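Visitor: Here you go, this is query-v4.csv (CSV, C-alpha atoms and all ligand atoms).
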```csv
chain,number,residue,atom,x,y,z
V,1,MET,CA,0.0,0.0,0.0
V,2,ILE,CA,1.2,3.5,-0.8
V,3,PHE,CA,0.4,6.1,1.8
V,4,ASN,CA,-0.7,9.2,0.2
V,5,ARG,CA,-3.5,11.6,0.2
V,6,HIS,CA,-5.2,9.7,-2.6
V,7,ALA,CA,-5.2,6.5,-0.5
V,8,GLU,CA,-8.6,4.8,-0.3
V,9,PRO,CA,-10.4,5.4,3.0
V,10,ALA,CA,-10.3,1.7,3.9
V,11,ALA,CA,-6.7,1.5,3.3
V,12,ALA,CA,-6.1,4.7,5.2
V,13,CYS,CA,-8.0,3.3,8.2
V,14,ARG,CA,-5.9,0.1,8.0
V,15,LEU,CA,-2.8,2.2,8.1
V,16,VAL,CA,-4.0,4.3,11.1
V,17,GLY,CA,-4.7,1.0,12.9
V,18,ALA,CA,-1.2,-0.2,12.1
V,19,VAL,CA,0.3,3.0,13.4
V,20,LEU,CA,-1.6,2.7,16.7
V,21,ILE,CA,-0.5,-0.9,17.0
V,22,ALA,CA,3.1,0.0,16.4
V,23,GLY,CA,2.9,2.8,19.0
V,24,MET,CA,1.5,0.4,21.6
V,25,LEU,CA,4.2,-2.1,20.9
V,26,MET,CA,6.9,0.6,21.2
V,27,VAL,CA,5.5,1.5,24.6
V,28,ALA,CA,5.4,-2.1,25.7
V,29,GLY,CA,9.0,-2.5,24.5
V,30,MET,CA,10.1,0.5,26.4
V,31,GLY,CA,8.8,-1.0,29.6
V,32,GLY,CA,10.8,-4.1,29.0
V,33,CYS,CA,7.7,-6.2,28.2
V,34,ALA,CA,7.3,-8.6,25.4
V,35,PRO,CA,5.0,-7.2,22.7
V,36,GLN,CA,2.0,-9.3,23.6
V,37,ALA,CA,-1.4,-8.2,22.6
V,38,ARG,CA,-2.7,-6.0,25.4
V,39,ILE,CA,-5.3,-4.2,23.3
V,40,VAL,CA,-7.0,-1.0,24.2
V,41,PRO,CA,-10.6,-0.6,23.2
V,42,SER,CA,-9.8,1.8,20.3
V,43,GLY,CA,-7.4,-0.6,18.8
V,44,PRO,CA,-7.9,-3.9,16.9
V,45,PRO,CA,-10.0,-6.8,18.3
V,46,ALA,CA,-9.1,-8.3,21.6
V,47,ASP,CA,-8.2,-11.6,20.0
V,48,PHE,CA,-5.7,-9.9,17.7
V,49,GLN,CA,-2.4,-11.8,17.6
V,50,PRO,CA,0.7,-9.6,17.2
V,51,HIS,CA,2.6,-12.2,15.2
V,52,SER,CA,-0.2,-13.1,12.9
V,53,SER,CA,0.1,-12.6,9.2
V,54,GLU,CA,-2.3,-9.7,9.5
V,55,PHE,CA,0.0,-8.1,12.0
V,56,ARG,CA,3.0,-8.6,9.7
V,57,GLY,CA,1.0,-7.0,6.9
V,58,LEU,CA,0.1,-4.0,9.0
V,59,ALA,CA,3.7,-3.6,10.2
V,60,ALA,CA,4.9,-3.7,6.6
V,61,ASP,CA,2.4,-0.9,5.8
V,62,VAL,CA,3.9,1.2,8.6
V,63,ALA,CA,7.3,0.6,7.3
V,64,ARG,CA,6.3,1.6,3.8
V,65,ALA,CA,4.5,4.6,5.0
V,66,SER,CA,7.4,6.0,6.9
V,67,SER,CA,10.0,4.3,4.7
V,68,ARG,CA,12.9,6.0,6.5
V,69,ARG,CA,15.9,3.7,6.8
V,70,THR,CA,19.2,4.6,8.3
V,71,LEU,CA,22.5,3.9,6.6
V,72,ASP,CA,25.6,4.2,8.8
V,73,ILE,CA,28.4,5.6,6.7
V,74,GLY,CA,31.2,6.4,9.2
V,75,PHE,CA,32.3,8.9,11.8
V,76,ALA,CA,33.5,12.5,12.0
V,77,ALA,CA,37.1,13.1,13.0
V,78,ASP,CA,36.1,13.4,16.7
V,79,GLY,CA,34.0,10.3,16.6
V,80,ARG,CA,30.5,11.7,16.0
V,81,PRO,CA,28.5,9.2,14.0
V,82,LEU,CA,27.4,10.0,10.4
V,83,ALA,CA,24.3,8.3,9.1
V,84,VAL,CA,22.3,8.8,5.9
V,85,GLU,CA,18.5,8.6,6.0
V,86,VAL,CA,17.2,6.7,3.0
V,87,PHE,CA,13.7,6.9,1.5
V,88,GLY,CA,11.9,5.0,-1.2
V,89,SER,CA,13.4,2.6,-3.7
V,90,GLY,CA,14.1,3.0,-7.3
V,91,PRO,CA,16.8,3.6,-10.0
V,92,TRP,CA,16.7,7.4,-9.9
V,93,THR,CA,18.8,8.0,-6.8
V,94,VAL,CA,19.4,11.5,-5.3
V,95,LEU,CA,21.8,12.1,-2.4
V,96,VAL,CA,21.2,15.3,-0.4
V,97,LEU,CA,23.9,16.7,1.9
V,98,GLY,CA,23.5,19.4,4.5
V,99,GLY,CA,26.1,21.2,6.5
V,100,ILE,CA,29.3,20.2,4.8
V,101,HIS,CA,30.4,23.6,6.0
V,102,GLY,CA,29.6,23.5,9.7
V,103,ASP,CA,28.8,27.2,10.1
V,104,GLU,CA,26.2,27.2,7.4
V,105,THR,CA,23.4,26.1,9.7
V,106,ARG,CA,20.5,26.9,7.4
V,107,SER,CA,21.7,24.1,5.2
V,108,VAL,CA,21.3,21.6,8.0
V,109,GLU,CA,17.9,22.9,8.9
V,110,VAL,CA,16.6,22.7,5.3
V,111,ALA,CA,18.0,19.2,5.0
V,112,ARG,CA,16.1,18.3,8.2
V,113,PHE,CA,12.9,19.8,6.8
V,114,LEU,CA,13.4,17.7,3.6
V,115,SER,CA,14.0,14.5,5.5
V,116,ASP,CA,11.0,15.0,7.7
V,117,HIS,CA,8.9,15.8,4.7
V,118,LEU,CA,9.9,12.7,2.9
V,119,ALA,CA,9.2,10.6,6.0
V,120,VAL,CA,5.5,11.4,5.8
V,121,ASN,CA,5.0,11.9,2.1
V,122,SER,CA,6.0,8.6,0.6
V,123,GLU,CA,4.4,9.6,-2.8
V,124,ALA,CA,7.4,12.0,-3.2
V,125,VAL,CA,9.8,9.1,-3.3
V,126,ALA,CA,7.6,6.6,-5.1
V,127,GLY,CA,9.8,4.7,-7.5
V,128,LYS,CA,12.9,6.7,-6.5
V,129,THR,CA,15.6,6.5,-3.9
V,130,VAL,CA,16.4,9.6,-1.9
V,131,ALA,CA,19.2,9.7,0.7
V,132,VAL,CA,19.7,12.6,3.0
V,133,LEU,CA,22.8,13.2,5.1
V,134,VAL,CA,21.3,16.0,7.2
V,135,ASN,CA,24.5,17.1,8.9
V,136,ALA,CA,27.7,16.2,7.0
V,137,ASN,CA,30.0,18.0,9.4
V,138,PRO,CA,28.4,17.7,12.9
V,139,THR,CA,31.6,18.9,14.7
V,140,GLY,CA,31.7,22.1,12.7
V,141,ALA,CA,28.0,22.6,13.3
V,142,ALA,CA,28.4,22.2,17.0
V,143,ASN,CA,31.4,24.6,17.1
V,144,ARG,CA,30.0,27.0,14.5
V,145,THR,CA,33.1,26.5,12.3
V,146,ARG,CA,33.3,25.9,8.6
V,147,THR,CA,35.9,23.2,9.1
V,148,ASN,CA,35.9,19.9,10.9
V,149,ALA,CA,37.6,19.1,14.3
V,150,ARG,CA,41.0,19.0,12.6
V,151,GLY,CA,40.5,22.4,10.9
V,152,VAL,CA,40.0,21.0,7.4
V,153,ASP,CA,37.4,22.4,4.9
V,154,LEU,CA,35.7,19.2,3.9
V,155,ASN,CA,34.6,20.7,0.6
V,156,ARG,CA,38.3,21.1,-0.4
V,157,ASN,CA,39.3,17.7,0.8
V,158,PHE,CA,37.7,15.5,-2.0
V,159,PRO,CA,40.2,13.5,-4.2
V,160,ALA,CA,39.4,15.5,-7.3
V,161,SER,CA,41.9,15.9,-10.0
V,162,ASN,CA,42.1,19.6,-9.1
V,163,TRP,CA,42.9,19.0,-5.4
V,164,ARG,CA,45.9,20.9,-4.3
V,165,PRO,CA,47.8,21.4,-1.0
V,166,GLY,CA,47.0,24.5,1.0
V,167,THR,CA,47.9,26.2,4.2
V,168,ALA,CA,46.8,24.6,7.5
V,169,GLY,CA,44.9,27.0,9.7
V,170,ARG,CA,43.1,28.7,6.8
V,171,ARG,CA,39.3,28.4,6.7
V,172,ASP,CA,39.6,26.7,3.3
V,173,SER,CA,42.4,24.3,4.3
V,174,PRO,CA,42.2,21.3,2.1
V,175,GLY,CA,43.8,18.9,4.6
V,176,PRO,CA,47.2,17.1,4.4
V,177,ALA,CA,46.1,14.9,1.6
V,178,PRO,CA,43.0,14.2,-0.6
V,179,ALA,CA,40.3,12.4,1.3
V,180,SER,CA,42.3,12.6,4.5
V,181,GLU,CA,39.3,13.3,6.6
V,182,PRO,CA,36.9,10.7,8.0
V,183,GLU,CA,33.9,12.9,7.0
V,184,THR,CA,35.1,13.0,3.4
V,185,GLN,CA,35.7,9.3,3.4
V,186,SER,CA,32.2,8.7,4.8
V,187,ILE,CA,30.6,10.8,2.0
V,188,LEU,CA,32.7,8.9,-0.6
V,189,ARG,CA,31.4,5.7,1.0
V,190,ALA,CA,27.8,6.8,0.8
V,191,ILE,CA,28.3,7.7,-2.9
V,192,GLU,CA,29.8,4.3,-3.7
V,193,LEU,CA,27.1,2.5,-1.8
V,194,LEU,CA,24.1,4.5,-3.2
V,195,ARG,CA,25.5,5.3,-6.6
V,196,PRO,CA,23.4,8.5,-6.9
V,197,ALA,CA,22.8,10.0,-10.4
V,198,CYS,CA,22.4,13.3,-8.7
V,199,ILE,CA,23.8,15.0,-5.6
V,200,ILE,CA,22.4,18.1,-4.0
V,201,SER,CA,24.8,19.8,-1.6
V,202,LEU,CA,23.2,22.5,0.5
V,203,HIS,CA,25.2,25.5,1.5
V,204,THR,CA,24.5,29.1,2.5
V,205,ALA,CA,25.7,32.4,1.1
V,206,SER,CA,24.7,36.0,1.5
V,207,ARG,CA,21.3,36.9,0.4
V,208,GLU,CA,22.6,38.1,-2.9
V,209,GLY,CA,24.7,35.0,-3.3
V,210,ALA,CA,21.8,32.5,-3.2
V,211,CYS,CA,22.1,30.5,-6.4
V,212,ASN,CA,21.8,27.1,-8.1
V,213,ASN,CA,25.4,26.2,-8.9
V,214,PHE,CA,26.1,23.0,-10.8
V,215,ASP,CA,28.9,20.7,-11.8
V,216,GLY,CA,28.8,17.9,-14.3
V,217,PRO,CA,25.6,17.1,-16.3
V,218,ALA,CA,23.3,19.1,-14.1
V,219,GLU,CA,22.4,22.3,-16.0
V,220,GLY,CA,18.9,21.0,-16.8
V,221,LEU,CA,18.3,20.1,-13.2
V,222,ALA,CA,19.7,23.5,-12.0
V,223,ARG,CA,17.2,25.2,-14.3
V,224,LEU,CA,14.5,23.0,-13.0
V,225,MET,CA,15.3,24.3,-9.5
V,226,ALA,CA,15.6,27.9,-10.7
V,227,ALA,CA,12.0,27.7,-12.0
V,228,GLN,CA,10.9,27.0,-8.5
V,229,ASN,CA,13.2,29.0,-6.2
V,230,GLY,CA,14.0,31.9,-8.5
V,231,TYR,CA,17.7,31.8,-7.8
V,232,PRO,CA,20.2,32.3,-10.7
V,233,VAL,CA,21.8,29.3,-12.4
V,234,LEU,CA,25.6,29.5,-12.1
V,235,VAL,CA,28.2,27.1,-13.6
V,236,ASN,CA,30.9,29.1,-11.8
V,237,ILE,CA,30.5,30.4,-8.3
V,238,GLY,CA,33.1,33.1,-8.9
V,239,HIS,CA,36.2,31.6,-7.2
V,240,PRO,CA,38.1,28.3,-7.7
V,241,THR,CA,37.0,25.4,-5.6
V,242,PRO,CA,39.7,22.8,-5.9
V,243,GLY,CA,39.0,19.5,-4.1
V,244,SER,CA,35.3,20.3,-3.8
V,245,LEU,CA,32.5,17.7,-4.0
V,246,GLY,CA,31.4,19.3,-7.3
V,247,SER,CA,34.9,18.9,-8.7
V,248,TRP,CA,35.2,15.3,-7.8
V,249,ALA,CA,31.7,14.0,-8.3
V,250,GLY,CA,30.5,16.4,-11.0
V,251,ILE,CA,33.5,17.2,-13.2
V,252,ASP,CA,35.7,14.1,-12.6
V,253,ARG,CA,33.0,11.4,-12.4
V,254,GLY,CA,30.1,12.9,-14.4
V,255,ILE,CA,27.5,12.8,-11.6
V,256,ALA,CA,25.0,15.6,-11.7
V,257,VAL,CA,26.0,17.8,-8.8
V,258,LEU,CA,23.8,20.8,-7.7
V,259,THR,CA,25.2,23.2,-5.1
V,260,LEU,CA,22.3,25.0,-3.7
V,261,GLU,CA,23.3,28.2,-1.9
V,262,LEU,CA,20.6,29.3,0.5
V,263,PRO,CA,20.4,32.8,1.8
V,264,GLU,CA,22.0,32.6,5.2
V,265,ASN,CA,20.1,35.6,6.7
V,266,ARG,CA,16.6,34.2,6.1
V,267,PRO,CA,14.7,32.0,8.6
V,268,ALA,CA,15.1,28.3,8.1
V,269,ALA,CA,11.3,27.8,7.6
V,270,GLU,CA,11.3,30.5,4.9
V,271,CYS,CA,14.3,28.8,3.2
V,272,TRP,CA,12.5,25.5,3.2
V,273,GLN,CA,9.3,27.0,1.8
V,274,ARG,CA,11.2,28.8,-0.9
V,275,ASN,CA,13.2,25.6,-1.9
V,276,ARG,CA,10.7,22.9,-1.2
V,277,GLY,CA,9.4,22.7,-4.7
V,278,ALA,CA,12.9,23.0,-6.2
V,279,LEU,CA,14.2,20.0,-4.2
V,280,LEU,CA,11.1,17.9,-4.8
V,281,ASP,CA,11.2,18.7,-8.5
V,282,VAL,CA,14.8,17.3,-8.7
V,283,ILE,CA,13.8,14.3,-6.7
V,284,SER,CA,10.9,13.6,-9.1
V,285,ALA,CA,12.9,14.5,-12.3
V,286,ASP,CA,13.6,10.8,-12.9
V,287,VAL,CA,16.2,11.3,-15.5
V,288,PRO,CA,17.5,7.9,-16.5
V,289,ALA,CA,20.5,7.1,-14.3
V,290,PRO,CA,23.7,6.7,-16.2
V,291,GLU,CA,25.2,3.3,-15.9
V,292,ALA,CA,28.3,2.7,-13.8
V,293,VAL,CA,28.8,6.3,-12.9
V,294,VAL,CA,30.9,5.4,-9.9
V,295,ARG,CA,34.3,3.8,-10.8
V,296,PRO,CA,36.6,2.2,-8.3
V,297,LEU,CA,38.5,4.6,-6.1
V,298,GLN,CA,42.2,5.1,-6.3
V,299,GLY,CA,44.2,2.0,-6.7
V,300,GLY,CA,41.1,0.0,-7.5
V,301,ARG,CA,40.4,-0.4,-3.8
V,302,SER,CA,36.8,0.0,-2.8
V,303,LEU,CA,35.9,2.0,0.3
V,304,THR,CA,33.1,-0.4,0.8
V,305,ASP,CA,35.5,-3.0,1.8
V,306,ARG,CA,35.2,-1.9,5.4
V,307,VAL,CA,31.5,-1.4,5.4
V,308,PRO,CA,29.0,-4.2,6.1
V,309,ASP,CA,26.0,-4.5,3.9
V,310,PRO,CA,23.9,-1.6,5.0
V,311,LEU,CA,20.6,-2.1,3.2
A,401,ZN,ZN,29.5,26.5,2.0
```
Using structure tokens, write down the structure that the file contains.

Guide:
Amino acid sequence: MIFNRHAEPAAACRLVGAVLIAGMLMVAGMGGCAPQARIVPSGPPADFQPHSSEFRGLAADVARASSRRTLDIGFAADGRPLAVEVFGSGPWTVLVLGGIHGDETRSVEVARFLSDHLAVNSEAVAGKTVAVLVNANPTGAANRTRTNARGVDLNRNFPASNWRPGTAGRRDSPGPAPASEPETQSILRAIELLRPACIISLHTASREGACNNFDGPAEGLARLMAAQNGYPVLVNIGHPTPGSLGSWAGIDRGIAVLTLELPENRPAAECWQRNRGALLDVISADVPAPEAVVRPLQGGRSLTDRVPDPL
């Protein structure tokens, strides 16, 4: 069953019942009790058996309705966990990243808005796979710094052909080597696991700097976004970005990369409303995914070697 506003009434009632049952079981579980059927009058019949085939069917409905799975992809440099939230299932796969620059808090907030929206609007991901890394640089977000705990700008740390050494201590320090940072490695791992045809990286800029920047085969998608959010489409953001995600994934690997610069001085809810349609349009674009976009990483060694099967 697909949970959407067009669902038939009977199906919707069935789903509501399933949610109630799931909630009751969660409460029972929190109390350390086995999830036996202690049914309240508003729930299903008193002879309802929680392990019956009917229950399994209802539980599956709940899972499909929320459809949020978690994919652990690694850790930040100081050990904070990094997890991608995955919705839907289908060949058109979009990966959305918030907060790769830790001090760009609006980007994390809008990623959270998107994730919460997808969790309750399964029709938005019908036949598609959408993965959201809400907070790609949790240490930077906690400390209100652009960089990670080791002072590295993660968006200059990707193993792109244009990566170049820089000066430690600068806010755009690229790190001691390409992909030296655990956060960068985690994002690379997510890309290798999910094989997205499109990546949307959320950033913030001054109000005048809000734009739909793109790398790789993403101009059409950038224009799709522009039609919704009204921001300009830019292939060049005005300064070089060696070692950026766009350089590595977009230019070197041919993945459609959209860098959405949100206006940093506007409230998060306003940013979400302004960009909700843009993000959902890209998710529903359903451009055929290019085959084998992701090639083995340097030396032919796969980063997934260290990762158990997540899905
Ligand atoms: Zn940024």

Visitor: Smallest atom-to-atom distance to Leu118 of chain V: which of V:Phe75, V:Phe214, V:Phe87, V:Tyr231, using all atoms listed in the file?

Guide: V:Phe87

Visitor: Name each residue within 9 Å of ligand ZN 401 (chain A), counting all atoms listed in the file, as a ChimeraX atom specification.

Guide: /V:99-104,107,146,155,201-205,259,261

Visitor: Could you work out how far atom CA of Val233 of chain V lies from atom CA of Asn212 of chain V, giving the answer in Å with one decimal?

Guide: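 Computed distance, atom CA of Asn212 of chain V to atom CA of Val233 of chain V, equals 4.8 Å.
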
Visitor: Give me the residues near segment 216-219 of chain V as a PyMOL selection string, where near means some atom within 8 Å (using only C-alpha atoms) and where sequence neighbours in that chain fewer than 2 positions away do not count.

Guide: chain V and resi 198+214+221-223+233+235+246+249-251+253-258

Visitor: Can you pull out the residues contacting Leu279 of chain V? Cut-off 12 Å, using all atoms listed in the file, and skip same-chain residues under 6 positions away; I want them as a PyMOL selection string.

Guide: chain V and resi 94-97+110-111+113-115+117-118+124-125+130+132+198-202+212+221-229+258-260+271-273+285

Visitor: Around the point (41.5, 18.6, 5.1), in the coordinates given by the file, pick out the residues reaching within 9 Å, counting all atoms listed in the file, and return them as a list in words.

Guide: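 Nearby residues: Thr147, Asn148, Arg150, Gly151, Val152, Asp153, Leu154, Asn155, Arg156, Asn157, Phe158, Ala168, Asp172, Ser173, Pro174, Gly175, Pro176, Ala177, Pro178, Ala179, Ser180, Glu181 and Thr184 of chain V.
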
Visitor: Just the number, please: distance in Å from atom CA of Pro267 of chain V to atom CA of Arg106 of chain V, one decimal.

Guide: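 Atom-to-atom, atom CA of Pro267 of chain V and atom CA of Arg106 of chain V are spaced 7.8 Å apart.
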
Visitor: Quick one, how far is atom CA of Arg80 of chain V from atom CA of Ala142 of chain V?

Guide: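 About the pair atom CA of Arg80 of chain V and atom CA of Ala142 of chain V: they are 10.8 Å apart.
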
Visitor: Point out the residue among V:Asn275, V:Ile191, V:Pro91, V:Ser247 with the least atom-to-atom distance to Leu71 of chain V, counting all atoms listed in the file.

Guide: V:Ile191

Visitor: For a quick check of understanding, using only C-alpha atoms, which of V:Ile73, V:Ala83, V:Val134, V:Ala190 has the smallest distance to Thr105 of chain V?

Guide: V:Val134

Visitor: With distances taken over all atoms listed in the file, which residue among V:Arg195, V:Arg266, V:His239, V:Arg144 lies nearest Arg207 of chain V?

Guide: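 Answer, going by the shortest atom-to-atom distance: V:Arg266.
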
Visitor: Go through V:Gly90, V:Leu245, V:Ile237, V:Pro81 one by one, measure the shortest atom-to-atom distance of each to Asp286 of chain V using all atoms listed in the file, and give the residue with the smallest value.

Guide: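 Smallest distance to Asp286 of chain V is found for V:Gly90.
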